[in-house]
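File shown: protein15.txt (compact mmCIF, C-alpha atoms).
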# COMPACT_ATOMS: atom_id res chain seq x y z
CA MET N 1 50.31 -14.23 -31.24
CA GLU N 2 48.62 -17.46 -30.33
CA ASP N 3 51.24 -18.47 -27.77
CA GLY N 4 49.77 -19.20 -24.43
CA PRO N 5 46.00 -18.87 -24.82
CA ASP N 6 44.53 -20.82 -21.92
CA LYS N 7 41.37 -22.85 -22.01
CA ILE N 8 39.16 -21.54 -19.25
CA THR N 9 38.52 -23.89 -16.36
CA THR N 10 35.01 -25.10 -15.68
CA PRO N 11 34.42 -22.98 -12.53
CA GLU N 12 35.60 -19.83 -14.34
CA LEU N 13 33.38 -20.58 -17.33
CA GLN N 14 30.45 -21.13 -15.02
CA GLN N 15 31.25 -17.82 -13.33
CA ALA N 16 31.42 -16.05 -16.70
CA GLU N 17 28.05 -17.50 -17.65
CA VAL N 18 26.47 -16.49 -14.34
CA VAL N 19 26.99 -12.79 -15.13
CA PRO N 20 25.51 -12.61 -18.65
CA ASP N 21 24.87 -8.86 -18.63
CA LYS N 22 28.53 -8.10 -19.35
CA VAL N 23 28.81 -10.84 -21.95
CA ILE N 24 25.55 -10.22 -23.77
CA SER N 25 26.21 -6.53 -24.42
CA ALA N 26 29.93 -6.72 -25.19
CA LEU N 27 29.67 -6.71 -28.99
CA ARG N 28 26.89 -4.12 -29.02
CA GLN N 29 28.83 -1.91 -26.61
CA PHE N 30 31.87 -2.16 -28.88
CA LEU N 31 29.93 -1.21 -32.00
CA ARG N 32 28.18 1.57 -30.10
CA SER N 33 31.44 3.01 -28.74
CA GLU N 34 33.09 2.86 -32.18
CA ALA N 35 30.06 4.54 -33.73
CA SER N 36 29.90 7.30 -31.11
CA GLY N 37 33.67 7.70 -31.25
CA GLY N 38 33.46 8.03 -35.03
CA VAL N 39 30.92 10.84 -34.75
CA LEU N 40 33.10 12.53 -32.11
CA LEU N 41 36.11 12.16 -34.42
CA MET N 42 34.18 13.86 -37.22
CA LEU N 43 33.32 16.76 -34.91
CA ALA N 44 36.92 17.08 -33.68
CA ALA N 45 38.24 17.14 -37.24
CA ALA N 46 35.61 19.68 -38.27
CA LEU N 47 36.55 21.89 -35.29
CA ALA N 48 40.23 21.73 -36.27
CA MET N 49 39.35 22.72 -39.84
CA LEU N 50 37.18 25.58 -38.58
CA ILE N 51 39.91 26.94 -36.30
CA ALA N 52 42.52 26.67 -39.04
CA ASN N 53 40.34 28.66 -41.47
CA ILE N 54 39.05 31.55 -39.33
CA GLY N 55 42.41 33.23 -38.88
CA LEU N 56 43.63 31.08 -35.98
CA TYR N 57 45.87 28.70 -37.91
CA ARG N 58 49.12 30.18 -36.56
CA ASP N 59 47.89 29.85 -32.96
CA TYR N 60 46.68 26.31 -33.64
CA HIS N 61 50.03 25.36 -35.19
CA GLU N 62 52.10 27.04 -32.47
CA ILE N 63 50.25 25.30 -29.64
CA LEU N 64 50.76 21.89 -31.25
CA HIS N 65 54.22 22.29 -32.77
CA GLY N 66 55.85 24.91 -30.55
CA THR N 67 58.67 23.66 -28.32
CA LEU N 68 57.47 22.84 -24.82
CA PRO N 69 59.10 24.76 -21.94
CA TRP N 70 59.78 21.39 -20.23
CA THR N 71 59.44 17.76 -21.21
CA PRO N 72 60.44 14.59 -19.31
CA ILE N 73 61.64 13.03 -22.59
CA GLN N 74 63.85 15.22 -24.73
CA LYS N 75 62.82 13.51 -27.95
CA LEU N 76 59.19 14.51 -27.33
CA ASP N 77 59.53 18.28 -27.17
CA THR N 78 56.16 19.30 -28.67
CA LEU N 79 52.56 18.61 -27.77
CA HIS N 80 52.07 17.14 -31.25
CA LEU N 81 54.81 14.57 -30.64
CA TRP N 82 53.32 13.58 -27.27
CA ILE N 83 49.98 12.99 -29.00
CA ASN N 84 51.35 11.08 -32.00
CA ASP N 85 54.05 9.08 -30.20
CA GLY N 86 52.53 8.85 -26.72
CA LEU N 87 48.73 8.84 -26.78
CA MET N 88 48.66 6.95 -30.07
CA ALA N 89 50.78 4.18 -28.56
CA ILE N 90 47.82 3.51 -26.24
CA PHE N 91 45.50 3.42 -29.27
CA PHE N 92 47.85 0.99 -31.02
CA CYS N 93 47.84 -1.17 -27.89
CA TYR N 94 44.06 -1.27 -28.19
CA VAL N 95 44.42 -2.24 -31.85
CA GLY N 96 46.85 -5.01 -30.85
CA LEU N 97 44.38 -6.33 -28.28
CA GLU N 98 41.64 -6.42 -30.92
CA ILE N 99 43.92 -8.28 -33.32
CA LYS N 100 44.93 -10.87 -30.72
CA ARG N 101 41.36 -11.43 -29.50
CA GLU N 102 39.97 -11.84 -33.01
CA PHE N 103 42.72 -14.24 -34.13
CA VAL N 104 42.72 -16.39 -30.98
CA ASP N 105 39.10 -16.26 -29.77
CA GLY N 106 37.03 -14.42 -32.36
CA ARG N 107 35.87 -14.16 -35.95
CA LEU N 108 39.40 -14.61 -37.32
CA SER N 109 40.26 -17.68 -35.24
CA THR N 110 40.20 -20.13 -38.16
CA TRP N 111 41.34 -19.83 -41.76
CA GLU N 112 37.80 -20.45 -42.96
CA LYS N 113 36.59 -17.43 -40.98
CA ARG N 114 39.50 -15.16 -41.84
CA ARG N 115 39.80 -16.01 -45.54
CA LEU N 116 37.42 -13.39 -46.95
CA PRO N 117 38.44 -10.49 -44.62
CA VAL N 118 42.13 -11.16 -45.30
CA ILE N 119 41.64 -11.28 -49.07
CA ALA N 120 39.48 -8.14 -49.02
CA ALA N 121 41.84 -6.22 -46.74
CA PHE N 122 44.90 -7.18 -48.79
CA ALA N 123 43.26 -6.16 -52.07
CA GLY N 124 41.99 -3.01 -50.38
CA MET N 125 45.55 -2.03 -49.48
CA VAL N 126 47.24 -2.95 -52.76
CA ALA N 127 44.81 -1.22 -55.16
CA PRO N 128 45.00 2.25 -53.50
CA ALA N 129 48.80 2.03 -53.31
CA VAL N 130 49.02 1.14 -57.01
CA ILE N 131 46.72 4.01 -58.02
CA TYR N 132 48.74 6.42 -55.88
CA LEU N 133 52.06 5.27 -57.40
CA VAL N 134 50.68 5.61 -60.95
CA ILE N 135 49.66 9.22 -60.25
CA ALA N 136 52.94 9.93 -58.39
CA THR N 137 55.08 8.70 -61.30
CA GLY N 138 57.67 11.32 -62.13
CA ASN N 139 57.45 12.91 -58.66
CA PRO N 140 60.11 11.12 -56.56
CA GLU N 141 59.61 13.46 -53.60
CA ILE N 142 56.11 12.09 -52.97
CA VAL N 143 56.61 8.37 -53.73
CA ASN N 144 57.17 7.69 -50.02
CA GLY N 145 53.49 8.41 -49.40
CA TRP N 146 52.30 5.25 -51.20
CA ALA N 147 50.88 3.74 -47.99
CA ILE N 148 48.76 6.76 -47.02
CA PRO N 149 45.59 5.68 -48.94
CA ALA N 150 46.00 2.02 -47.94
CA ALA N 151 44.40 2.32 -44.48
CA THR N 152 40.76 2.29 -43.34
CA ASP N 153 39.48 4.29 -40.35
CA ILE N 154 37.23 1.89 -38.42
CA ALA N 155 35.82 4.52 -36.03
CA PHE N 156 34.86 6.92 -38.83
CA ALA N 157 33.39 4.14 -41.01
CA ILE N 158 31.38 2.58 -38.18
CA GLY N 159 30.20 6.10 -37.29
CA VAL N 160 28.78 6.50 -40.79
CA LEU N 161 27.11 3.08 -40.56
CA ALA N 162 25.56 4.12 -37.25
CA LEU N 163 23.85 7.04 -39.00
CA LEU N 164 22.04 4.48 -41.15
CA GLY N 165 20.43 2.82 -38.13
CA LYS N 166 18.72 -0.49 -38.94
CA ARG N 167 19.37 -0.10 -42.66
CA ALA N 168 22.93 -1.35 -42.09
CA PRO N 169 22.88 -5.17 -41.73
CA THR N 170 24.78 -6.63 -38.79
CA SER N 171 26.82 -8.81 -41.14
CA LEU N 172 28.13 -5.69 -42.91
CA LYS N 173 29.12 -4.04 -39.61
CA LEU N 174 31.00 -7.13 -38.48
CA PHE N 175 32.62 -7.62 -41.88
CA LEU N 176 33.76 -4.00 -41.90
CA LEU N 177 35.15 -4.49 -38.39
CA THR N 178 37.13 -7.62 -39.31
CA VAL N 179 38.45 -6.11 -42.56
CA ALA N 180 39.58 -3.02 -40.64
CA ILE N 181 41.36 -5.18 -38.05
CA VAL N 182 43.29 -7.04 -40.77
CA ASP N 183 43.88 -3.67 -42.44
CA ASP N 184 45.32 -2.35 -39.15
CA MET N 185 47.73 -5.30 -39.08
CA GLY N 186 48.96 -4.32 -42.52
CA ALA N 187 49.30 -0.67 -41.49
CA VAL N 188 51.30 -1.63 -38.40
CA ALA N 189 53.61 -3.78 -40.52
CA ILE N 190 54.07 -0.94 -43.02
CA ILE N 191 54.91 1.54 -40.26
CA ALA N 192 57.42 -0.87 -38.70
CA ILE N 193 59.12 -1.78 -41.99
CA ALA N 194 58.73 1.12 -44.42
CA TYR N 195 58.92 4.09 -42.05
CA THR N 196 61.76 3.06 -39.76
CA ALA N 197 65.25 4.52 -40.09
CA ASN N 198 68.42 5.14 -38.07
CA LEU N 199 67.99 2.13 -35.81
CA LYS N 200 69.86 2.11 -32.49
CA THR N 201 70.76 -1.48 -31.70
CA ILE N 202 71.26 -1.06 -27.96
CA PHE N 203 67.70 0.17 -27.43
CA LEU N 204 66.33 -2.58 -29.69
CA PHE N 205 68.12 -5.06 -27.41
CA PHE N 206 66.57 -3.49 -24.30
CA ALA N 207 63.14 -3.57 -25.98
CA ALA N 208 63.58 -7.25 -26.87
CA ALA N 209 64.65 -8.02 -23.29
CA THR N 210 61.54 -6.28 -21.95
CA MET N 211 59.35 -8.32 -24.28
CA ALA N 212 61.10 -11.47 -23.10
CA VAL N 213 60.17 -10.64 -19.51
CA MET N 214 56.56 -10.02 -20.55
CA TYR N 215 56.49 -13.33 -22.40
CA PHE N 216 57.94 -15.12 -19.35
CA ILE N 217 55.32 -13.80 -16.93
CA ASN N 218 52.65 -14.64 -19.54
CA ARG N 219 53.89 -18.25 -19.59
CA MET N 220 53.88 -18.24 -15.78
CA LYS N 221 50.14 -17.50 -16.06
CA VAL N 222 50.30 -14.11 -14.35
CA HIS N 223 46.84 -12.73 -15.12
CA VAL N 224 46.87 -9.46 -13.18
CA LEU N 225 47.38 -6.53 -15.53
CA TRP N 226 49.66 -4.13 -13.65
CA PRO N 227 52.98 -5.94 -14.41
CA TYR N 228 52.18 -5.87 -18.13
CA ILE N 229 51.21 -2.19 -18.00
CA ILE N 230 54.46 -1.21 -16.23
CA LEU N 231 56.57 -3.30 -18.61
CA GLY N 232 54.55 -1.92 -21.54
CA VAL N 233 55.57 1.63 -20.59
CA VAL N 234 59.21 0.52 -20.33
CA LEU N 235 58.92 -1.17 -23.74
CA TRP N 236 57.43 2.01 -25.23
CA PHE N 237 60.38 4.06 -23.91
CA PHE N 238 62.99 1.75 -25.42
CA VAL N 239 61.17 1.50 -28.75
CA LEU N 240 60.87 5.31 -28.85
CA LEU N 241 64.65 5.61 -28.51
CA SER N 242 65.41 2.75 -30.91
CA GLY N 243 64.33 4.44 -34.14
CA VAL N 244 61.26 2.21 -34.62
CA HIS N 245 58.14 4.30 -34.29
CA ALA N 246 57.01 4.32 -30.65
CA THR N 247 53.43 3.27 -31.44
CA ILE N 248 54.67 -0.18 -32.51
CA ALA N 249 55.41 -0.79 -28.82
CA GLY N 250 51.67 -0.63 -28.13
CA VAL N 251 50.98 -3.51 -30.49
CA LEU N 252 53.92 -5.56 -29.21
CA ALA N 253 52.84 -5.08 -25.60
CA ALA N 254 49.28 -6.13 -26.45
CA LEU N 255 50.49 -9.37 -28.02
CA MET N 256 52.33 -10.28 -24.79
CA ILE N 257 49.21 -10.04 -22.61
CA PRO N 258 47.55 -13.40 -21.79
CA ILE N 259 44.27 -14.38 -23.35
CA ILE N 260 41.91 -17.00 -21.97
CA VAL N 261 39.71 -18.73 -24.53
CA THR N 262 36.14 -18.68 -23.25
CA PRO N 263 33.88 -20.84 -25.46
CA GLY N 264 30.34 -19.51 -25.54
CA ALA N 265 31.31 -16.34 -23.72
CA PRO N 266 33.44 -14.15 -26.00
CA ASP N 267 34.69 -10.95 -24.35
CA SER N 268 34.46 -12.53 -20.90
CA GLU N 269 36.22 -10.43 -18.28
CA VAL N 270 38.07 -13.44 -16.89
CA SER N 271 40.54 -12.97 -19.77
CA PRO N 272 43.26 -10.29 -19.25
CA VAL N 273 43.16 -9.30 -22.94
CA HIS N 274 39.40 -8.75 -22.78
CA ARG N 275 39.62 -6.81 -19.50
CA LEU N 276 42.23 -4.40 -20.81
CA GLU N 277 40.45 -4.04 -24.16
CA HIS N 278 37.19 -3.14 -22.41
CA TYR N 279 39.00 -0.63 -20.22
CA LEU N 280 40.81 1.05 -23.12
CA SER N 281 37.80 1.07 -25.48
CA PRO N 282 36.14 4.28 -24.20
CA TRP N 283 39.49 6.05 -23.79
CA SER N 284 40.43 5.16 -27.36
CA ALA N 285 37.05 6.08 -28.87
CA TYR N 286 36.18 9.18 -26.85
CA VAL N 287 39.54 10.70 -25.93
CA ILE N 288 42.61 9.54 -27.85
CA ILE N 289 41.25 9.38 -31.41
CA PRO N 290 39.31 12.70 -31.21
CA ILE N 291 42.41 14.43 -29.76
CA PHE N 292 44.54 12.94 -32.54
CA GLY N 293 41.99 14.02 -35.16
CA PHE N 294 41.90 17.55 -33.78
CA ALA N 295 45.71 17.77 -33.64
CA ASN N 296 46.25 16.52 -37.18
CA ALA N 297 43.24 17.54 -39.30
CA GLY N 298 43.68 21.30 -39.22
CA VAL N 299 44.72 22.55 -42.64
CA GLU N 300 44.41 26.11 -43.96
CA LEU N 301 42.39 25.96 -47.17
CA GLY N 302 42.05 29.65 -47.92
CA GLY N 303 45.30 29.99 -49.84
CA LEU N 304 44.93 26.80 -51.86
CA THR N 305 44.34 27.02 -55.59
CA LEU N 306 42.71 24.37 -57.76
CA LYS N 307 46.16 23.56 -59.12
CA GLU N 308 47.42 22.83 -55.60
CA ILE N 309 44.31 20.85 -54.63
CA PHE N 310 44.68 18.63 -57.70
CA ALA N 311 48.46 18.33 -57.47
CA PRO N 312 49.79 14.76 -57.74
CA LEU N 313 50.07 14.22 -53.96
CA PRO N 314 46.52 15.13 -52.84
CA LEU N 315 45.05 13.72 -56.06
CA GLY N 316 46.91 10.43 -55.64
CA ILE N 317 45.74 10.03 -52.06
CA ALA N 318 42.13 10.98 -52.81
CA ALA N 319 41.97 8.71 -55.87
CA GLY N 320 43.60 5.86 -53.96
CA LEU N 321 41.08 6.11 -51.12
CA PHE N 322 37.98 6.67 -53.24
CA PHE N 323 38.66 4.48 -56.28
CA GLY N 324 41.30 2.08 -54.99
CA LYS N 325 39.47 0.93 -51.86
CA GLN N 326 36.13 0.27 -53.55
CA LEU N 327 37.78 -1.44 -56.51
CA GLY N 328 40.10 -3.64 -54.46
CA ILE N 329 37.63 -4.69 -51.77
CA PHE N 330 34.46 -5.15 -53.82
CA ALA N 331 36.22 -6.93 -56.71
CA SER N 332 38.01 -9.29 -54.31
CA ILE N 333 34.76 -10.16 -52.50
CA TRP N 334 32.88 -10.73 -55.75
CA LEU N 335 35.64 -12.90 -57.21
CA SER N 336 36.06 -14.88 -53.97
CA VAL N 337 32.34 -15.69 -53.92
CA LYS N 338 32.19 -16.52 -57.63
CA VAL N 339 35.15 -18.93 -57.54
CA GLY N 340 34.00 -20.56 -54.30
CA LEU N 341 36.71 -19.26 -51.95
CA ALA N 342 34.09 -17.69 -49.67
CA HIS N 343 30.36 -17.28 -49.21
CA LYS N 344 28.39 -14.09 -49.62
CA LEU N 345 27.60 -12.10 -46.46
CA ARG N 346 24.38 -13.16 -44.79
CA GLY N 347 21.52 -10.69 -45.14
CA ALA N 348 23.43 -8.30 -47.42
CA THR N 349 22.79 -7.53 -51.08
CA TRP N 350 25.54 -6.86 -53.60
CA PRO N 351 24.76 -3.09 -53.71
CA GLN N 352 25.07 -3.00 -49.91
CA ILE N 353 28.41 -4.81 -50.06
CA TYR N 354 29.51 -2.26 -52.65
CA GLY N 355 28.42 0.55 -50.32
CA VAL N 356 30.51 -0.85 -47.46
CA SER N 357 33.46 -1.27 -49.83
CA MET N 358 33.06 2.44 -50.55
CA LEU N 359 33.07 3.26 -46.82
CA CYS N 360 36.42 1.49 -46.52
CA GLY N 361 37.80 4.47 -48.45
CA ILE N 362 37.52 6.52 -45.24
CA GLY N 363 41.19 6.47 -44.28
CA PHE N 364 41.22 9.38 -41.90
CA THR N 365 43.07 8.47 -38.67
CA MET N 366 45.63 5.96 -39.92
CA SER N 367 46.15 7.85 -43.18
CA LEU N 368 46.91 11.06 -41.27
CA PHE N 369 49.25 9.11 -39.02
CA ILE N 370 51.17 7.55 -41.93
CA SER N 371 51.39 10.92 -43.71
CA GLU N 372 53.15 12.37 -40.66
CA LEU N 373 55.75 9.60 -40.95
CA ALA N 374 56.05 9.63 -44.75
CA PHE N 375 56.69 13.37 -44.98
CA ALA N 376 58.23 14.10 -41.59
CA GLY N 377 60.69 16.54 -43.16
CA SER N 378 58.22 18.65 -45.16
CA SER N 379 55.32 20.58 -43.64
CA LEU N 380 54.13 21.51 -47.16
CA LEU N 381 53.80 17.88 -48.23
CA ARG N 382 52.06 17.01 -44.96
CA GLU N 383 49.50 19.77 -45.58
CA GLU N 384 48.95 18.59 -49.16
CA ALA N 385 48.51 15.03 -47.88
CA LYS N 386 45.85 16.22 -45.41
CA VAL N 387 43.91 17.79 -48.28
CA GLY N 388 43.99 14.51 -50.20
CA ILE N 389 42.97 12.49 -47.13
CA LEU N 390 40.07 14.82 -46.42
CA MET N 391 38.88 14.76 -50.05
CA GLY N 392 39.08 10.99 -50.39
CA SER N 393 37.60 10.22 -46.97
CA ILE N 394 34.71 12.69 -47.20
CA LEU N 395 33.82 11.61 -50.74
CA SER N 396 33.93 7.93 -49.73
CA ALA N 397 31.76 8.63 -46.69
CA LEU N 398 29.12 10.59 -48.62
CA VAL N 399 28.86 8.19 -51.57
CA GLY N 400 28.98 5.09 -49.34
CA TYR N 401 26.26 6.52 -47.10
CA ALA N 402 24.06 7.40 -50.09
CA ILE N 403 24.37 3.90 -51.57
CA LEU N 404 23.48 2.21 -48.28
CA ARG N 405 20.71 4.68 -47.52
CA PHE N 406 18.82 4.27 -50.79
CA THR N 407 19.57 0.71 -51.93
CA PRO N 408 16.77 -1.82 -51.21
CA LEU N 409 17.23 -4.10 -48.21
CA HIS N 410 17.71 -7.86 -48.45
CA GLU N 411 14.36 -9.64 -48.84
CA LYS N 412 14.93 -11.45 -45.50
CA HIS N 413 16.51 -8.46 -43.74
CA ASP N 414 14.24 -8.39 -40.67
CA GLU N 415 14.31 -12.17 -40.20
CA ILE N 416 18.11 -12.40 -40.41
CA GLU N 417 18.63 -9.37 -38.14
CA ALA N 418 16.36 -11.00 -35.54
CA GLN N 419 18.39 -14.23 -35.75
CA GLU N 420 21.69 -12.39 -35.31
CA ALA N 421 20.30 -10.36 -32.41
CA ALA N 422 19.28 -13.65 -30.76
CA GLU N 423 22.83 -14.97 -31.26
CA GLN N 424 24.22 -11.88 -29.53
CA ASP N 425 21.76 -12.33 -26.67
CA ALA N 426 22.81 -15.97 -26.31
CA ASP N 427 26.58 -15.56 -26.03
CA GLY N 428 27.49 -11.96 -26.90
CA ASP N 429 28.65 -12.57 -30.48
CA VAL N 430 27.55 -13.59 -33.97
CA ALA N 431 29.26 -16.86 -34.86
CA ASP N 432 29.02 -16.67 -38.65
CA THR N 433 28.13 -13.77 -40.92
CA SER N 434 28.25 -15.79 -44.16
CA GLU N 435 25.36 -17.29 -46.06
CA PRO N 436 25.06 -21.08 -45.74
CA ALA N 437 26.81 -23.05 -48.45
CA PRO N 438 24.42 -24.01 -51.27
CA ALA N 439 23.13 -27.57 -51.05
CA ARG N 440 24.77 -30.00 -53.45
CA ALA N 441 22.60 -31.74 -55.94
Show the structure stored in the file as structure tokens.
Amino acid sequence: MEDGPDKITTPELQQAEVVPDKVISALRQFLRSEASGGVLLMLAAALAMLIANIGLYRDYHEILHGTLPWTPIQKLDTLHLWINDGLMAIFFCYVGLEIKREFVDGRLSTWEKRRLPVIAAFAGMVAPAVIYLVIATGNPEIVNGWAIPAATDIAFAIGVLALLGKRAPTSLKLFLLTVAIVDDMGAVAIIAIAYTANLKTIFLFFAAATMAVMYFINRMKVHVLWPYIILGVVLWFFVLLSGVHATIAGVLAALMIPIIVTPGAPDSEVSPVHRLEHYLSPWSAYVIIPIFGFANAGVELGGLTLKEIFAPLPLGIAAGLFFGKQLGIFASIWLSVKVGLAHKLRGATWPQIYGVSMLCGIGFTMSLFISELAFAGSSLLREEAKVGILMGSILSALVGYAILRFTPLHEKHDEIEAQEAAEQDADGDVADTSEPAPARA
């Protein structure tokens, strides 16, 4: 992932610094787009639920899952497949760009910076999976869904934080963002390893050859985007036919795109990774994710009994998201700070950190996506999984919001927020969201 990042030349850096408007607002624009996209996702999911429960479920299902009269790719013969395997590949490309930028030129660029988010994200994936597997014991048909409660929905969670306005410290927003990025890496790895079957070697070879070409032009310092976009589409086609889920191609393509390290000007448009990420950001937030949410959130609740709602599958997912995420993330942060592995977040109190740990239990988008893969052969289990995802995500959102809304602010909240706003105005980013190390006696 770090192959080939170029140090920006002096004239380019000077050029990037001459146009500060784009640099200054980059982080704020990102947080704003994720927040607005999260609210739009909530509305899209609510609309899908409404349609599915006012007597239109059959029409909703037929439009999404009915065989298309014509499709250019035989394997994608429904609108639902085009959304989940096609549109979501673009979203996963955006995720891959975020991962590469953060690890090469962002808040995860050194082990010291990435230590706490990695520990928190790892614990926040393991604990929900363990809780799910404990509840699923004795039900072998649902064990394959262990990864469903392990993911965090960054758009939904940032959307909830946005509703809190200035009561949500900047350090918490950025911490949530970095944890979710590491979490996305784990989810991508799980999808590639745990939910891949019937591999076709010839198409894997063609996919590898395409990546080799992308890597070669990267090393030749080709910084225009169109060759990577064309080759990315070719890569997606071969991965689709290989048996690996097609969305993985989006991440792989993103990792092949060149990045230029721009000290003092993060998110500078002179870097191909940053340019493509900025271009895809509104499409991801305002189009792809809401469409995905609408296409996958609709579940008919009218016929469900309490026994079905609290069956092992939905209960395991809901408990994993609500209890597992808060337990894994908050406990790992607290222990890391207490044993000296990391420093507490700047300008955030422990109750606020607990509230954000609770918001990490919103697993909507990625959890829905993984459920489609885990139970591809059973529409009943997919519907039950949706119920569990909705219960766990909504409960996490409501409780997390309440904690953050009513807990007292840090005693230096206004002062620290002003300092971090000044940092963003200076170079577009916040360099460090941790409290300074305590002075040694």
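Of the listed residues N:Gly96, N:Val387, N:Leu164, N:Val39, the one whose atoms come nearest to Thr305 of chain N is N:Val387, with distances taken using only C-alpha atoms.
Counting from atom CA of Ala127 of chain N, the distance to atom CA of Lys325 of chain N is 6.6 Å.
Distances to Tyr279 of chain N were evaluated for N:Val337, N:Ile73, N:Tyr94, N:Ala157 using all atoms listed in the file, and the minimum falls at N:Tyr94.
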Just how far from atom CA of Ile248 of chain N is atom CA of Trp236 of chain N, in Å to one decimal?
8.1 Å
Might you pull out every residue within 12 Å of segment 327-330 of chain N, with only C-alpha atoms counted and same-chain residues fewer than 3 positions away left off, and present them as a PyMOL selection string?
chain N and resi 116-131+150+152+175-176+179-180+183+319-324+333-337+344+350-361
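Proximity ranking of N:Tyr195, N:Phe205, N:Phe92, N:Trp82 relative to Gly232 of chain N places N:Phe92 first, based on only C-alpha atoms.
The spacing separating atom CA of Lys113 of chain N from atom CA of Ala342 of chain N amounts to 9.0 Å.
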Tell me, as a PDB file with C-alpha atoms, keeping the file's coordinate frame, which residues lie within 8 Å of Thr170 of chain N, counting all atoms listed in the file; anything in the same chain fewer than 2 positions away does not count.
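And here's out_30.pdb as it stands now:
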ATOM      1  CA  ALA N 168      22.930  -1.350 -42.090  1.00  0.00           C
ATOM      2  CA  LEU N 172      28.130  -5.690 -42.910  1.00  0.00           C
ATOM      3  CA  LYS N 173      29.120  -4.040 -39.610  1.00  0.00           C
ATOM      4  CA  LEU N 174      31.000  -7.130 -38.480  1.00  0.00           C
ATOM      5  CA  GLU N 417      18.630  -9.370 -38.140  1.00  0.00           C
ATOM      6  CA  GLU N 420      21.690 -12.390 -35.310  1.00  0.00           C
TER       7      GLU N 420
END
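Distances to Arg382 of chain N were evaluated for N:Pro69, N:Gly106, N:Gly145, N:Gly316 using all atoms listed in the file, and the minimum falls at N:Gly145.
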